[in-house]
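What follows is a set of notes on a single structure, which appears directly below.
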Amino acid sequence: MDLDKLMSKHLTRAFDPSKTIPAEILQHLLEFLRSAPTSTNIQPNHFYVLATTEAKERLAANLGERFQDNSGKILNSSHTIILTTRADLPESHIEEVFDKETTDGRFPDQAKNALWQSMTRDFLNLRIYRYKDLNHWMEKQTYLVLGMTMMAAAELGVEATPLEGFDPISVDAAFKIRETGHTTTVLLALGYPDLTKVYNGPVSRFEADRLFTFV
């Protein structure tokens, strides 16, 4: 990965609608997305991969009136992913995570497996009862997955642009997302840039001495 190149570029704001991500590259990226870590391995997400014109048009039409500037990015992307997060954390989901870990042999030692499950429940209880920030904490996991997927896309030569400009109520309704126990958190448009609209101005960031404190 060329980090110097990444540090000097801007996010793509205009995609070339004539270019589509090859199937093998897309599958590689989605496999990475599936494997991205979350705290306590809670995996609170479901991902809607929009590949068809109809699906992208449906999303673009339901962004909400004030967010129509993002419709072109979605319509011209090769694929757009709706990243959703659980609205709550039922016992059935926690047990499903534990059952999958056991089946996969994450902790072959039975005592260690039991200890891991106890520690996980204790941490989740902190989020639910002490900090009372369970939904916000789960959304943090979604953004962790988002950031890592953007880096993976860069490694695969795919442009990835996150979009927060949308009405979650409208998007949820358009794709019947809330019926699944999830809600839309963020969008990720994927594809290749329109080379006639690439912005080459300087990247503006605070200097290192403004951002870092060495202790």
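Scheme for the structure tokens: letters A, B, ... for chains in order shown; per-chain residue numbers from 1; ligand numbers from 1 in order shown.
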Write out, as CSV, each residue of stretch 119-171 of chain A that has an atom at most 7 Å from stretch 188-194 of chain A, together with the closest pair of atoms and their distance in Å to one decimal, counting only C-alpha atoms, rows going by chain and rising number.
residue,atom,partner,partner_atom,distance
A:Val158,CA,A:Gly191,CA,5.8
A:Glu159,CA,A:Gly191,CA,5.4
A:Ala160,CA,A:Leu190,CA,4.7
A:Thr161,CA,A:Ala189,CA,5.1
A:Pro162,CA,A:Leu188,CA,4.4
A:Leu163,CA,A:Leu188,CA,6.0
Convert the current residue selection to file output with all heavy atoms, as a CSV table (one decimal), in the first residue's frame.
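part.csv, freshly written:
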chain,number,residue,atom,x,y,z
A,158,VAL,N,-9.6,0.4,-5.6
A,158,VAL,CA,-11.0,0.8,-5.7
A,158,VAL,C,-11.2,2.1,-4.8
A,158,VAL,O,-10.7,2.1,-3.7
A,158,VAL,CB,-12.0,-0.3,-5.2
A,158,VAL,CG1,-13.4,0.2,-5.2
A,158,VAL,CG2,-11.9,-1.5,-6.1
A,159,GLU,N,-11.9,3.1,-5.4
A,159,GLU,CA,-12.2,4.3,-4.6
A,159,GLU,C,-13.4,4.0,-3.7
A,159,GLU,O,-14.4,3.3,-4.1
A,159,GLU,CB,-12.6,5.4,-5.6
A,159,GLU,CG,-11.4,5.8,-6.5
A,159,GLU,CD,-10.3,6.5,-5.7
A,159,GLU,OE1,-10.5,7.3,-4.8
A,159,GLU,OE2,-9.1,6.1,-6.0
A,160,ALA,N,-13.3,4.5,-2.5
A,160,ALA,CA,-14.4,4.3,-1.5
A,160,ALA,C,-14.7,5.6,-0.8
A,160,ALA,O,-13.8,6.2,-0.2
A,160,ALA,CB,-13.9,3.2,-0.4
A,161,THR,N,-15.9,6.0,-0.9
A,161,THR,CA,-16.4,7.3,-0.4
A,161,THR,C,-17.5,7.1,0.6
A,161,THR,O,-18.6,6.6,0.3
A,161,THR,CB,-16.8,8.2,-1.5
A,161,THR,OG1,-15.8,8.4,-2.4
A,161,THR,CG2,-17.3,9.6,-0.9
A,162,PRO,N,-17.3,7.4,1.9
A,162,PRO,CA,-18.3,7.3,2.9
A,162,PRO,C,-19.3,8.4,2.8
A,162,PRO,O,-18.9,9.6,2.5
A,162,PRO,CB,-17.6,7.3,4.2
A,162,PRO,CG,-16.4,8.2,3.9
A,162,PRO,CD,-16.0,7.9,2.5
A,163,LEU,N,-20.6,8.2,3.0
A,163,LEU,CA,-21.6,9.2,2.9
A,163,LEU,C,-22.5,9.2,4.2
A,163,LEU,O,-23.1,8.1,4.5
A,163,LEU,CB,-22.5,8.9,1.7
A,163,LEU,CG,-21.8,8.9,0.3
A,163,LEU,CD1,-22.8,8.4,-0.8
A,163,LEU,CD2,-21.2,10.3,0.0
A:Leu3 environment, 12 Å, only C-alpha atoms, sequence neighbours closer than 4 positions dropped, as a PDB file with C-alpha atoms, in the first residue's frame:
ATOM      1  CA  MET A   7      -2.087  10.914   2.276  1.00  0.00           C
ATOM      2  CA  SER A   8      -2.017  13.309  -0.671  1.00  0.00           C
ATOM      3  CA  LYS A   9      -5.373  12.421  -2.271  1.00  0.00           C
ATOM      4  CA  MET A 151      -8.246   0.959   3.468  1.00  0.00           C
ATOM      5  CA  ALA A 154      -7.506   1.396  -1.563  1.00  0.00           C
ATOM      6  CA  GLU A 155      -5.235  -1.646  -1.524  1.00  0.00           C
TER       7      GLU A 155
END
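Computed from the coordinates, the atom CA of A:Lys73 to atom CA of A:His182 distance equals 24.0 Å.
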* Which neighbours of A:Asn135 fall inside 8 Å, counting only C-alpha atoms, when residues of the same chain fewer than 4 positions from it are skipped, and could you give them as a list in words? ->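 Here the qualifying residues turn out to be Arg86, Ala87, Asp88 and Glu139 of chain A.
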* Write down as an MDAnalysis selection string the residues belonging to stretch 17-214 of chain A that are assigned helix (DSSP H, G or I) by DSSP computed on the backbone. => chainID A and resid 23:35 39:41 53:61 65:76 91:104 110:130 134:155 168:174 178:180 195:197 208:211
* **Selected residue, from A:Asn45, A:Gln68, A:Ser77, A:Ser92, that lies nearest to A:Pro17 when counting only C-alpha atoms** =>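 Once distances to A:Pro17 are computed over only C-alpha atoms, the minimum belongs to A:Ser77.
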* To do: Could you jot down the atom CA of A:Glu179 to atom CA of A:Leu89 separation for me, Å, one decimal place?
  =>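 Between atom CA of A:Glu179 and atom CA of A:Leu89 the gap is 14.6 Å.
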* To do: Please run DSSP on the backbone and report, as a list in words, all residues within stretch 97-172 of chain A that come out as strand (DSSP E).
  => Glu159, Ala160, Thr161, Pro162 and Leu163 of chain A
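The two atoms in question, atom CA of A:Arg205 and atom CA of A:Phe32, are spaced 29.1 Å apart.
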* Excluding same-chain residues fewer than 5 positions from A:Glu91, what lies within 12 Å of it counting only C-alpha atoms, as a ChimeraX atom specification? -> /A:42,96-98,121,124-125
For stretch 76-184 of chain A against stretch 51-60 of chain A, with a cut-off of 12 Å and counting only C-alpha atoms, what is the closest atom pair and its distance in Å to one decimal for every residue that makes the cut, ordered by chain and number, as a tab-separated table?
residue	atom	partner	partner_atom	distance
A:Asn76	CA	A:Lys56	CA	8.8
A:Ser77	CA	A:Lys56	CA	8.6
A:Ser78	CA	A:Ala51	CA	6.8
A:His79	CA	A:Ala51	CA	4.9
A:Thr80	CA	A:Ala51	CA	7.0
A:Ile81	CA	A:Ala51	CA	8.8
A:Ile82	CA	A:Leu59	CA	9.2
A:Leu163	CA	A:Ala60	CA	11.8
A:Gly165	CA	A:Ala60	CA	11.0
A:Phe166	CA	A:Ala60	CA	9.1
A:Asp167	CA	A:Leu59	CA	10.4
A:Pro168	CA	A:Leu59	CA	10.7
A:Ile169	CA	A:Leu59	CA	11.9
A:Ser170	CA	A:Leu59	CA	9.0
A:Val171	CA	A:Leu59	CA	6.6
A:Asp172	CA	A:Leu59	CA	9.7
A:Ala173	CA	A:Leu59	CA	10.3
A:Ala174	CA	A:Arg58	CA	7.1
A:Phe175	CA	A:Leu59	CA	8.3
A:Lys176	CA	A:Leu59	CA	11.9
A:Thr184	CA	A:Leu59	CA	11.6
